[in-house]
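Shown next: entry_17.pdb, containing PDB, C-alpha atoms.
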MODEL        1
ATOM      1  CA  MET D   1       0.000   0.000   0.000  1.00  0.00           C
ATOM      2  CA  GLU D   2       1.601   3.274  -1.154  1.00  0.00           C
ATOM      3  CA  PHE D   3       0.334   6.644   0.054  1.00  0.00           C
ATOM      4  CA  THR D   4       0.547   9.416  -2.541  1.00  0.00           C
ATOM      5  CA  GLY D   5      -1.298  12.590  -3.439  1.00  0.00           C
ATOM      6  CA  GLU D   6      -1.297  16.346  -3.125  1.00  0.00           C
ATOM      7  CA  GLY D   7      -1.845  16.339   0.630  1.00  0.00           C
ATOM      8  CA  ILE D   8       1.083  14.057   1.465  1.00  0.00           C
ATOM      9  CA  ALA D   9       3.544  16.960   1.611  1.00  0.00           C
ATOM     10  CA  ASN D  10       1.438  18.552   4.349  1.00  0.00           C
ATOM     11  CA  LEU D  11       1.646  15.498   6.607  1.00  0.00           C
ATOM     12  CA  SER D  12       4.250  15.612   9.359  1.00  0.00           C
ATOM     13  CA  MET D  13       6.558  12.657   9.930  1.00  0.00           C
ATOM     14  CA  ASP D  14       4.500  11.866  13.029  1.00  0.00           C
ATOM     15  CA  ASP D  15       1.369  11.658  10.867  1.00  0.00           C
ATOM     16  CA  ARG D  16       3.121   9.396   8.390  1.00  0.00           C
ATOM     17  CA  PHE D  17       4.402   7.054  11.085  1.00  0.00           C
ATOM     18  CA  THR D  18       0.911   6.532  12.467  1.00  0.00           C
ATOM     19  CA  ILE D  19      -0.696   6.003   9.061  1.00  0.00           C
ATOM     20  CA  ALA D  20       2.013   3.563   7.964  1.00  0.00           C
ATOM     21  CA  ASN D  21       1.809   1.730  11.304  1.00  0.00           C
ATOM     22  CA  MET D  22      -1.930   1.233  10.917  1.00  0.00           C
ATOM     23  CA  ALA D  23      -1.985   0.489   7.173  1.00  0.00           C
ATOM     24  CA  ILE D  24      -2.679  -3.159   7.903  1.00  0.00           C
ATOM     25  CA  GLU D  25      -6.071  -2.137   9.324  1.00  0.00           C
ATOM     26  CA  ALA D  26      -6.860  -0.590   5.938  1.00  0.00           C
ATOM     27  CA  GLY D  27      -6.254  -3.912   4.228  1.00  0.00           C
ATOM     28  CA  GLY D  28      -2.588  -3.463   3.313  1.00  0.00           C
ATOM     29  CA  LYS D  29       0.319  -5.797   4.002  1.00  0.00           C
ATOM     30  CA  ASN D  30       2.407  -2.712   4.721  1.00  0.00           C
ATOM     31  CA  GLY D  31       2.254   1.028   4.174  1.00  0.00           C
ATOM     32  CA  ILE D  32       4.876   3.289   2.595  1.00  0.00           C
ATOM     33  CA  PHE D  33       5.194   6.963   1.718  1.00  0.00           C
ATOM     34  CA  PRO D  34       7.312   8.270  -1.160  1.00  0.00           C
ATOM     35  CA  VAL D  35      10.571   9.740   0.097  1.00  0.00           C
ATOM     36  CA  ASP D  36      10.620  13.538  -0.061  1.00  0.00           C
ATOM     37  CA  ASP D  37      12.676  16.378   1.413  1.00  0.00           C
ATOM     38  CA  LEU D  38      10.879  16.095   4.766  1.00  0.00           C
ATOM     39  CA  ALA D  39      11.731  12.407   5.053  1.00  0.00           C
ATOM     40  CA  ARG D  40      15.334  13.033   4.052  1.00  0.00           C
ATOM     41  CA  ALA D  41      15.659  15.828   6.619  1.00  0.00           C
ATOM     42  CA  TYR D  42      14.259  13.511   9.299  1.00  0.00           C
ATOM     43  CA  MET D  43      16.810  10.821   8.463  1.00  0.00           C
ATOM     44  CA  GLU D  44      19.665  13.314   8.507  1.00  0.00           C
ATOM     45  CA  GLU D  45      18.581  14.497  11.947  1.00  0.00           C
ATOM     46  CA  HIS D  46      17.899  11.103  13.510  1.00  0.00           C
ATOM     47  CA  SER D  47      20.400   8.732  11.938  1.00  0.00           C
ATOM     48  CA  THR D  48      24.167   8.692  11.515  1.00  0.00           C
ATOM     49  CA  LYS D  49      24.090   5.626   9.252  1.00  0.00           C
ATOM     50  CA  PRO D  50      23.719   5.652   5.466  1.00  0.00           C
ATOM     51  CA  TYR D  51      20.186   4.916   4.348  1.00  0.00           C
ATOM     52  CA  LYS D  52      18.715   3.564   1.146  1.00  0.00           C
ATOM     53  CA  VAL D  53      15.676   5.024  -0.570  1.00  0.00           C
ATOM     54  CA  TYR D  54      13.077   2.526  -1.794  1.00  0.00           C
ATOM     55  CA  GLU D  55      10.542   3.644  -4.361  1.00  0.00           C
ATOM     56  CA  ALA D  56       7.881   1.989  -6.466  1.00  0.00           C
ATOM     57  CA  ASP D  57       8.817   1.166 -10.046  1.00  0.00           C
ATOM     58  CA  GLU D  58       7.835   3.880 -12.497  1.00  0.00           C
ATOM     59  CA  ASP D  59       5.700   1.379 -14.377  1.00  0.00           C
ATOM     60  CA  ALA D  60       4.121  -0.109 -11.239  1.00  0.00           C
ATOM     61  CA  VAL D  61       0.514  -1.196 -11.726  1.00  0.00           C
ATOM     62  CA  TYR D  62      -1.874  -0.866  -8.794  1.00  0.00           C
ATOM     63  CA  GLU D  63      -4.886  -3.098  -8.314  1.00  0.00           C
ATOM     64  CA  GLU D  64      -6.999  -0.276  -6.874  1.00  0.00           C
ATOM     65  CA  GLU D  65      -6.649   3.399  -6.055  1.00  0.00           C
ATOM     66  CA  TYR D  66      -8.584   5.267  -3.377  1.00  0.00           C
ATOM     67  CA  THR D  67      -8.866   9.011  -2.861  1.00  0.00           C
ATOM     68  CA  ILE D  68      -9.506  10.198   0.701  1.00  0.00           C
ATOM     69  CA  ASP D  69     -10.157  13.849   1.499  1.00  0.00           C
ATOM     70  CA  LEU D  70      -8.534  14.155   4.926  1.00  0.00           C
ATOM     71  CA  SER D  71     -10.069  17.596   5.472  1.00  0.00           C
ATOM     72  CA  ALA D  72     -13.546  16.050   5.281  1.00  0.00           C
ATOM     73  CA  LEU D  73     -12.940  13.346   7.888  1.00  0.00           C
ATOM     74  CA  ARG D  74     -14.833  13.616  11.172  1.00  0.00           C
ATOM     75  CA  PRO D  75     -13.324  12.485  14.506  1.00  0.00           C
ATOM     76  CA  THR D  76     -13.593   8.702  14.456  1.00  0.00           C
ATOM     77  CA  ILE D  77     -13.612   6.097  17.236  1.00  0.00           C
ATOM     78  CA  ALA D  78     -12.961   2.381  16.838  1.00  0.00           C
ATOM     79  CA  PHE D  79     -15.453   0.410  18.930  1.00  0.00           C
ATOM     80  CA  PRO D  80     -14.722  -3.001  20.481  1.00  0.00           C
ATOM     81  CA  HIS D  81     -13.354  -5.340  19.415  1.00  0.00           C
ATOM     82  CA  LEU D  82     -11.777  -4.421  16.083  1.00  0.00           C
ATOM     83  CA  PRO D  83      -9.919  -1.313  14.863  1.00  0.00           C
ATOM     84  CA  GLU D  84     -12.126  -1.386  11.761  1.00  0.00           C
ATOM     85  CA  ASN D  85     -15.360  -1.221  13.806  1.00  0.00           C
ATOM     86  CA  THR D  86     -15.574   2.535  13.531  1.00  0.00           C
ATOM     87  CA  LYS D  87     -18.099   5.273  14.165  1.00  0.00           C
ATOM     88  CA  THR D  88     -17.712   9.015  13.822  1.00  0.00           C
ATOM     89  CA  ILE D  89     -18.367  11.183  16.839  1.00  0.00           C
ATOM     90  CA  ASP D  90     -21.608  12.297  15.154  1.00  0.00           C
ATOM     91  CA  GLU D  91     -22.879   8.707  15.019  1.00  0.00           C
ATOM     92  CA  ILE D  92     -22.577   8.204  18.774  1.00  0.00           C
ATOM     93  CA  THR D  93     -25.970   9.134  20.164  1.00  0.00           C
ATOM     94  CA  GLU D  94     -25.741   7.608  23.638  1.00  0.00           C
ATOM     95  CA  ASP D  95     -23.429   8.437  26.545  1.00  0.00           C
ATOM     96  CA  ILE D  96     -20.655   5.854  26.798  1.00  0.00           C
ATOM     97  CA  LYS D  97     -19.128   6.201  30.241  1.00  0.00           C
ATOM     98  CA  ILE D  98     -15.505   5.140  30.630  1.00  0.00           C
ATOM     99  CA  ASP D  99     -13.164   4.220  33.457  1.00  0.00           C
ATOM    100  CA  GLN D 100      -9.762   4.903  31.928  1.00  0.00           C
ATOM    101  CA  VAL D 101      -7.979   6.895  29.237  1.00  0.00           C
ATOM    102  CA  VAL D 102      -4.561   6.032  27.812  1.00  0.00           C
ATOM    103  CA  ILE D 103      -2.769   8.681  25.747  1.00  0.00           C
ATOM    104  CA  GLY D 104       0.448   7.451  24.150  1.00  0.00           C
ATOM    105  CA  SER D 105       2.099   4.386  22.607  1.00  0.00           C
ATOM    106  CA  CYS D 106       4.053   3.875  19.383  1.00  0.00           C
ATOM    107  CA  THR D 107       1.131   5.130  17.282  1.00  0.00           C
ATOM    108  CA  ASN D 108       0.073   8.231  19.209  1.00  0.00           C
ATOM    109  CA  GLY D 109       2.747   9.097  21.742  1.00  0.00           C
ATOM    110  CA  ARG D 110       4.797  11.535  19.704  1.00  0.00           C
ATOM    111  CA  ILE D 111       5.382  15.188  20.548  1.00  0.00           C
ATOM    112  CA  ASP D 112       2.533  16.381  18.300  1.00  0.00           C
ATOM    113  CA  ASP D 113       0.193  14.022  20.151  1.00  0.00           C
ATOM    114  CA  MET D 114       1.420  15.309  23.515  1.00  0.00           C
ATOM    115  CA  ARG D 115       0.770  18.879  22.398  1.00  0.00           C
ATOM    116  CA  VAL D 116      -2.747  18.083  21.189  1.00  0.00           C
ATOM    117  CA  ALA D 117      -3.643  16.324  24.442  1.00  0.00           C
ATOM    118  CA  ALA D 118      -2.147  19.124  26.532  1.00  0.00           C
ATOM    119  CA  GLU D 119      -4.126  21.729  24.606  1.00  0.00           C
ATOM    120  CA  VAL D 120      -7.353  19.948  25.521  1.00  0.00           C
ATOM    121  CA  LEU D 121      -6.398  19.277  29.163  1.00  0.00           C
ATOM    122  CA  LYS D 122      -4.911  22.707  29.928  1.00  0.00           C
ATOM    123  CA  GLY D 123      -6.973  24.438  32.594  1.00  0.00           C
ATOM    124  CA  ARG D 124      -9.221  21.396  32.945  1.00  0.00           C
ATOM    125  CA  HIS D 125      -9.263  18.317  35.198  1.00  0.00           C
ATOM    126  CA  VAL D 126      -9.967  14.677  34.511  1.00  0.00           C
ATOM    127  CA  ALA D 127     -13.346  13.464  35.706  1.00  0.00           C
ATOM    128  CA  LYS D 128     -13.734  12.161  39.246  1.00  0.00           C
ATOM    129  CA  GLY D 129     -12.773   8.503  39.469  1.00  0.00           C
ATOM    130  CA  MET D 130     -11.138   8.577  36.035  1.00  0.00           C
ATOM    131  CA  ARG D 131      -7.705   7.061  35.433  1.00  0.00           C
ATOM    132  CA  CYS D 132      -5.809   9.019  32.771  1.00  0.00           C
ATOM    133  CA  ILE D 133      -2.375   7.692  31.809  1.00  0.00           C
ATOM    134  CA  VAL D 134      -0.065   9.636  29.489  1.00  0.00           C
ATOM    135  CA  ILE D 135       2.838   7.739  27.914  1.00  0.00           C
ATOM    136  CA  PRO D 136       5.355   9.578  25.684  1.00  0.00           C
ATOM    137  CA  ALA D 137       6.685   7.222  22.994  1.00  0.00           C
ATOM    138  CA  THR D 138      10.389   7.779  23.692  1.00  0.00           C
ATOM    139  CA  GLN D 139      12.687   9.307  26.283  1.00  0.00           C
ATOM    140  CA  ALA D 140      13.529  12.092  23.822  1.00  0.00           C
ATOM    141  CA  ILE D 141       9.826  12.936  23.474  1.00  0.00           C
ATOM    142  CA  TYR D 142       9.447  12.692  27.267  1.00  0.00           C
ATOM    143  CA  MET D 143      12.260  15.249  27.670  1.00  0.00           C
ATOM    144  CA  GLN D 144      10.844  17.555  25.017  1.00  0.00           C
ATOM    145  CA  ALA D 145       7.377  17.385  26.577  1.00  0.00           C
ATOM    146  CA  MET D 146       8.947  18.269  29.917  1.00  0.00           C
ATOM    147  CA  GLU D 147      10.856  21.218  28.441  1.00  0.00           C
ATOM    148  CA  GLU D 148       7.693  22.515  26.761  1.00  0.00           C
ATOM    149  CA  GLY D 149       5.752  22.312  30.030  1.00  0.00           C
ATOM    150  CA  LEU D 150       3.363  19.671  28.733  1.00  0.00           C
ATOM    151  CA  LEU D 151       4.002  17.235  31.577  1.00  0.00           C
ATOM    152  CA  LYS D 152       3.087  19.950  34.075  1.00  0.00           C
ATOM    153  CA  ILE D 153      -0.238  20.421  32.282  1.00  0.00           C
ATOM    154  CA  PHE D 154      -0.938  16.685  32.413  1.00  0.00           C
ATOM    155  CA  ILE D 155      -0.101  16.413  36.098  1.00  0.00           C
ATOM    156  CA  GLU D 156      -2.116  19.490  37.052  1.00  0.00           C
ATOM    157  CA  ALA D 157      -5.063  17.990  35.151  1.00  0.00           C
ATOM    158  CA  GLY D 158      -4.864  14.893  37.331  1.00  0.00           C
ATOM    159  CA  ALA D 159      -3.240  12.552  34.824  1.00  0.00           C
ATOM    160  CA  ILE D 160      -0.457  10.059  35.489  1.00  0.00           C
ATOM    161  CA  VAL D 161       2.665  10.537  33.355  1.00  0.00           C
ATOM    162  CA  SER D 162       4.633   7.366  32.686  1.00  0.00           C
ATOM    163  CA  THR D 163       8.071   6.795  31.257  1.00  0.00           C
ATOM    164  CA  PRO D 164       7.944   5.244  27.756  1.00  0.00           C
ATOM    165  CA  THR D 165       6.491   1.739  27.835  1.00  0.00           C
ATOM    166  CA  CYS D 166       4.133  -0.604  26.026  1.00  0.00           C
ATOM    167  CA  GLY D 167       2.604  -1.404  29.462  1.00  0.00           C
ATOM    168  CA  PRO D 168      -1.178  -1.118  29.193  1.00  0.00           C
ATOM    169  CA  CYS D 169      -1.323  -1.341  25.392  1.00  0.00           C
ATOM    170  CA  LEU D 170      -0.653  -5.073  25.392  1.00  0.00           C
ATOM    171  CA  GLY D 171      -2.084  -5.800  28.824  1.00  0.00           C
ATOM    172  CA  GLY D 172       1.344  -6.057  30.422  1.00  0.00           C
ATOM    173  CA  TYR D 173       1.052  -3.818  33.466  1.00  0.00           C
ATOM    174  CA  MET D 174      -0.104  -0.382  34.655  1.00  0.00           C
ATOM    175  CA  GLY D 175      -3.624   0.376  33.544  1.00  0.00           C
ATOM    176  CA  ILE D 176      -4.822  -3.196  33.184  1.00  0.00           C
ATOM    177  CA  LEU D 177      -8.593  -3.232  32.775  1.00  0.00           C
ATOM    178  CA  ALA D 178     -10.837  -5.112  35.177  1.00  0.00           C
ATOM    179  CA  GLU D 179     -14.013  -6.949  34.211  1.00  0.00           C
ATOM    180  CA  GLY D 180     -16.602  -4.613  32.747  1.00  0.00           C
ATOM    181  CA  GLU D 181     -14.296  -1.589  32.536  1.00  0.00           C
ATOM    182  CA  LYS D 182     -14.174   0.635  29.456  1.00  0.00           C
ATOM    183  CA  CYS D 183     -11.135   2.493  28.178  1.00  0.00           C
ATOM    184  CA  VAL D 184     -10.558   5.145  25.515  1.00  0.00           C
ATOM    185  CA  SER D 185      -7.047   4.598  24.220  1.00  0.00           C
ATOM    186  CA  THR D 186      -4.800   6.064  21.545  1.00  0.00           C
ATOM    187  CA  THR D 187      -3.021   2.727  21.216  1.00  0.00           C
ATOM    188  CA  ASN D 188      -3.210   0.589  18.105  1.00  0.00           C
ATOM    189  CA  ARG D 189      -5.349  -2.478  18.821  1.00  0.00           C
ATOM    190  CA  ASN D 190      -8.551  -3.179  20.761  1.00  0.00           C
ATOM    191  CA  PHE D 191      -8.978  -6.945  20.504  1.00  0.00           C
ATOM    192  CA  VAL D 192     -10.734  -8.995  23.207  1.00  0.00           C
ATOM    193  CA  GLY D 193      -8.599  -9.037  26.338  1.00  0.00           C
ATOM    194  CA  ARG D 194      -5.956  -6.790  24.805  1.00  0.00           C
ATOM    195  CA  MET D 195      -5.635  -4.546  27.867  1.00  0.00           C
ATOM    196  CA  GLY D 196      -6.806  -6.906  30.567  1.00  0.00           C
ATOM    197  CA  HIS D 197     -10.004  -8.795  31.340  1.00  0.00           C
ATOM    198  CA  VAL D 198     -11.763 -10.443  28.404  1.00  0.00           C
ATOM    199  CA  ASN D 199     -14.955  -8.655  29.417  1.00  0.00           C
ATOM    200  CA  SER D 200     -13.386  -5.201  29.301  1.00  0.00           C
ATOM    201  CA  GLU D 201     -13.801  -2.885  26.305  1.00  0.00           C
ATOM    202  CA  ILE D 202     -11.340  -0.652  24.451  1.00  0.00           C
ATOM    203  CA  PHE D 203     -12.317   2.279  22.252  1.00  0.00           C
ATOM    204  CA  LEU D 204      -9.490   3.526  20.021  1.00  0.00           C
ATOM    205  CA  ALA D 205      -9.363   7.253  19.387  1.00  0.00           C
ATOM    206  CA  SER D 206      -7.126  10.226  18.687  1.00  0.00           C
ATOM    207  CA  PRO D 207      -5.288  12.098  21.477  1.00  0.00           C
ATOM    208  CA  ALA D 208      -7.842  14.926  21.197  1.00  0.00           C
ATOM    209  CA  ILE D 209     -10.818  12.594  21.670  1.00  0.00           C
ATOM    210  CA  ALA D 210      -9.028  10.715  24.455  1.00  0.00           C
ATOM    211  CA  ALA D 211      -8.184  13.902  26.358  1.00  0.00           C
ATOM    212  CA  ALA D 212     -11.723  15.268  26.008  1.00  0.00           C
ATOM    213  CA  SER D 213     -13.146  11.945  27.183  1.00  0.00           C
ATOM    214  CA  ALA D 214     -10.892  12.024  30.241  1.00  0.00           C
ATOM    215  CA  VAL D 215     -12.397  15.371  31.188  1.00  0.00           C
ATOM    216  CA  THR D 216     -16.051  14.393  30.711  1.00  0.00           C
ATOM    217  CA  GLY D 217     -15.844  10.762  31.819  1.00  0.00           C
ATOM    218  CA  LYS D 218     -17.525   9.607  28.626  1.00  0.00           C
ATOM    219  CA  ILE D 219     -16.579   9.416  24.954  1.00  0.00           C
ATOM    220  CA  SER D 220     -16.444  13.044  23.869  1.00  0.00           C
ATOM    221  CA  CYS D 221     -15.032  15.433  21.290  1.00  0.00           C
ATOM    222  CA  PRO D 222     -13.112  18.596  22.280  1.00  0.00           C
ATOM    223  CA  CYS D 223     -15.874  20.563  20.559  1.00  0.00           C
ATOM    224  CA  GLN D 224     -18.247  19.278  23.249  1.00  0.00           C
ATOM    225  CA  LEU D 225     -16.275  20.690  26.178  1.00  0.00           C
TER     226      LEU D 225
ENDMDL
END
Any chance you could give the structure as structure tokens?
Amino acid sequence: MEFTGEGIANLSMDDRFTIANMAIEAGGKNGIFPVDDLARAYMEEHSTKPYKVYEADEDAVYEEEYTIDLSALRPTIAFPHLPENTKTIDEITEDIKIDQVVIGSCTNGRIDDMRVAAEVLKGRHVAKGMRCIVIPATQAIYMQAMEEGLLKIFIEAGAIVSTPTCGPCLGGYMGILAEGEKCVSTTNRNFVGRMGHVNSEIFLASPAIAAASAVTGKISCPCQL
């Protein structure tokens, strides 16, 4: 699966990482972006080793092509128990109360994600009884979030800030769900028992949706705060 188009140049490297990571949920075996100046600059900044550029053949034939207008997409939540079981925020008509929010992981724990979550949580507080766990993806992002004052915002909002870990994402530790509990998470999978008890439920969402939901105690959009 190759991602091309006019809007690609406007996507940050963080955006590209997340889309490529989740390409399998869109039916692809993998996901790649054409190498451009932004990608080259990222490699120069983050790697001291020579790198090789891989590109599709000029005469490559694609089985199907899809055009997606990213500007027209509405905030979307993946309901249990599959990432593809999605609904937009407009399609959710009932209140879905939650017990926990996880903001972070390899898919949505980058500095842009931290900034988005902090923007929503700034000056607000997580709902009473709510567990909100923030997990920067790397130590470098953790340090940058600290220098930008984002961690202070999270802590003042009543969230727990963890060092980088896969912890709750794969049901390893910290934030394990009990029977009947519901979680809004920015992680990448929501299969049965993924984060704990087989009778718990995981709703996958963006950092903005997750942060807003932590404040209200139910699945919410920042526009609803």
Report task. Mind giving me the straight-line distance from atom CA of D:Thr186 to atom CA of D:Thr107 in Å, one decimal? Result ->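 It comes out at 7.4 Å.
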List every residue of stretch 59-110 of chain D that has an atom at most 9 Å from any atom of stretch 151-170 of chain D, and for each one report the closest atom pair and its distance in Å to one decimal, counting only C-alpha atoms, with rows sorted by chain and then by increasing residue number, as a Markdown table.
| residue | atom | partner | partner_atom | distance |
| --- | --- | --- | --- | --- |
| D:Val102 | CA | D:Pro168 | CA | 8.0 |
| D:Gly104 | CA | D:Pro164 | CA | 8.6 |
| D:Ser105 | CA | D:Cys166 | CA | 6.4 |
| D:Cys106 | CA | D:Cys166 | CA | 8.0 |
| D:Gly109 | CA | D:Pro164 | CA | 8.8 |
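Interatomic distance, atom CA of D:Met22 against atom CA of D:His81: 15.7 Å.
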Requested in this report: Tell me which protein, DNA and RNA residues are within 9 Å of D:Ser213, counting all atoms listed in the file, leaving out same-chain ones fewer than 3 positions away, and put them as a ChimeraX atom specification.
Outcome: /D:97-98,101,126-127,184,208-210,216-222
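What separates atom CA of D:Lys182 from atom CA of D:Gln139 is a distance of 28.4 Å.
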Report task. Pick out the closest residue to D:Phe79 from this set: D:Glu147, D:Glu91, D:Glu65, D:Glu119. Count only C-alpha atoms. Result ->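 Result for the nearest residue to D:Phe79: D:Glu91.
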Final N, CA and C atoms of stretch 23-46 of chain D as a PDB file, in the frame of the given file:
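The result, written out as part.pdb:
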ATOM      1  N   ALA D  23      -1.559   0.820   8.536  1.00  0.00           N
ATOM      2  CA  ALA D  23      -1.985   0.489   7.173  1.00  0.00           C
ATOM      3  C   ALA D  23      -2.607  -0.897   7.089  1.00  0.00           C
ATOM      4  N   ILE D  24      -2.143  -1.794   7.940  1.00  0.00           N
ATOM      5  CA  ILE D  24      -2.679  -3.159   7.903  1.00  0.00           C
ATOM      6  C   ILE D  24      -4.178  -3.168   8.198  1.00  0.00           C
ATOM      7  N   GLU D  25      -4.641  -2.209   9.014  1.00  0.00           N
ATOM      8  CA  GLU D  25      -6.071  -2.137   9.324  1.00  0.00           C
ATOM      9  C   GLU D  25      -6.877  -1.603   8.148  1.00  0.00           C
ATOM     10  N   ALA D  26      -6.184  -1.056   7.143  1.00  0.00           N
ATOM     11  CA  ALA D  26      -6.860  -0.590   5.938  1.00  0.00           C
ATOM     12  C   ALA D  26      -6.783  -1.630   4.826  1.00  0.00           C
ATOM     13  N   GLY D  27      -6.292  -2.826   5.191  1.00  0.00           N
ATOM     14  CA  GLY D  27      -6.254  -3.912   4.228  1.00  0.00           C
ATOM     15  C   GLY D  27      -4.912  -4.116   3.549  1.00  0.00           C
ATOM     16  N   GLY D  28      -3.898  -3.333   3.943  1.00  0.00           N
ATOM     17  CA  GLY D  28      -2.588  -3.463   3.313  1.00  0.00           C
ATOM     18  C   GLY D  28      -1.682  -4.421   4.072  1.00  0.00           C
ATOM     19  N   LYS D  29      -0.698  -4.967   3.356  1.00  0.00           N
ATOM     20  CA  LYS D  29       0.319  -5.797   4.002  1.00  0.00           C
ATOM     21  C   LYS D  29       1.363  -4.908   4.675  1.00  0.00           C
ATOM     22  N   ASN D  30       1.565  -3.729   4.108  1.00  0.00           N
ATOM     23  CA  ASN D  30       2.407  -2.712   4.721  1.00  0.00           C
ATOM     24  C   ASN D  30       1.991  -1.365   4.153  1.00  0.00           C
ATOM     25  N   GLY D  31       2.586  -0.305   4.658  1.00  0.00           N
ATOM     26  CA  GLY D  31       2.254   1.028   4.174  1.00  0.00           C
ATOM     27  C   GLY D  31       3.512   1.853   4.002  1.00  0.00           C
ATOM     28  N   ILE D  32       3.682   2.481   2.839  1.00  0.00           N
ATOM     29  CA  ILE D  32       4.876   3.289   2.595  1.00  0.00           C
ATOM     30  C   ILE D  32       4.489   4.644   2.009  1.00  0.00           C
ATOM     31  N   PHE D  33       5.330   5.631   2.293  1.00  0.00           N
ATOM     32  CA  PHE D  33       5.194   6.963   1.718  1.00  0.00           C
ATOM     33  C   PHE D  33       6.377   7.217   0.788  1.00  0.00           C
ATOM     34  N   PRO D  34       6.173   7.893  -0.314  1.00  0.00           N
ATOM     35  CA  PRO D  34       7.312   8.270  -1.160  1.00  0.00           C
ATOM     36  C   PRO D  34       8.286   9.138  -0.354  1.00  0.00           C
ATOM     37  N   VAL D  35       9.558   8.965  -0.611  1.00  0.00           N
ATOM     38  CA  VAL D  35      10.571   9.740   0.097  1.00  0.00           C
ATOM     39  C   VAL D  35      10.636  11.144  -0.488  1.00  0.00           C
ATOM     40  N   ASP D  36      10.526  12.150   0.383  1.00  0.00           N
ATOM     41  CA  ASP D  36      10.620  13.538  -0.061  1.00  0.00           C
ATOM     42  C   ASP D  36      11.632  14.269   0.814  1.00  0.00           C
ATOM     43  N   ASP D  37      11.694  15.589   0.664  1.00  0.00           N
ATOM     44  CA  ASP D  37      12.676  16.378   1.413  1.00  0.00           C
ATOM     45  C   ASP D  37      12.446  16.281   2.921  1.00  0.00           C
ATOM     46  N   LEU D  38      11.174  16.196   3.340  1.00  0.00           N
ATOM     47  CA  LEU D  38      10.879  16.095   4.766  1.00  0.00           C
ATOM     48  C   LEU D  38      11.422  14.792   5.338  1.00  0.00           C
ATOM     49  N   ALA D  39      11.233  13.703   4.600  1.00  0.00           N
ATOM     50  CA  ALA D  39      11.731  12.407   5.053  1.00  0.00           C
ATOM     51  C   ALA D  39      13.253  12.395   5.090  1.00  0.00           C
ATOM     52  N   ARG D  40      13.875  12.979   4.075  1.00  0.00           N
ATOM     53  CA  ARG D  40      15.334  13.033   4.052  1.00  0.00           C
ATOM     54  C   ARG D  40      15.870  13.851   5.223  1.00  0.00           C
ATOM     55  N   ALA D  41      15.226  14.986   5.506  1.00  0.00           N
ATOM     56  CA  ALA D  41      15.659  15.828   6.619  1.00  0.00           C
ATOM     57  C   ALA D  41      15.525  15.083   7.947  1.00  0.00           C
ATOM     58  N   TYR D  42      14.460  14.292   8.078  1.00  0.00           N
ATOM     59  CA  TYR D  42      14.259  13.511   9.299  1.00  0.00           C
ATOM     60  C   TYR D  42      15.381  12.487   9.470  1.00  0.00           C
ATOM     61  N   MET D  43      15.744  11.820   8.393  1.00  0.00           N
ATOM     62  CA  MET D  43      16.810  10.821   8.463  1.00  0.00           C
ATOM     63  C   MET D  43      18.151  11.467   8.786  1.00  0.00           C
ATOM     64  N   GLU D  44      18.411  12.623   8.226  1.00  0.00           N
ATOM     65  CA  GLU D  44      19.665  13.314   8.507  1.00  0.00           C
ATOM     66  C   GLU D  44      19.759  13.711   9.975  1.00  0.00           C
ATOM     67  N   GLU D  45      18.606  14.064  10.554  1.00  0.00           N
ATOM     68  CA  GLU D  45      18.581  14.497  11.947  1.00  0.00           C
ATOM     69  C   GLU D  45      18.654  13.333  12.919  1.00  0.00           C
ATOM     70  N   HIS D  46      18.059  12.195  12.559  1.00  0.00           N
ATOM     71  CA  HIS D  46      17.899  11.103  13.510  1.00  0.00           C
ATOM     72  C   HIS D  46      18.797   9.897  13.272  1.00  0.00           C
TER      73      HIS D  46
END
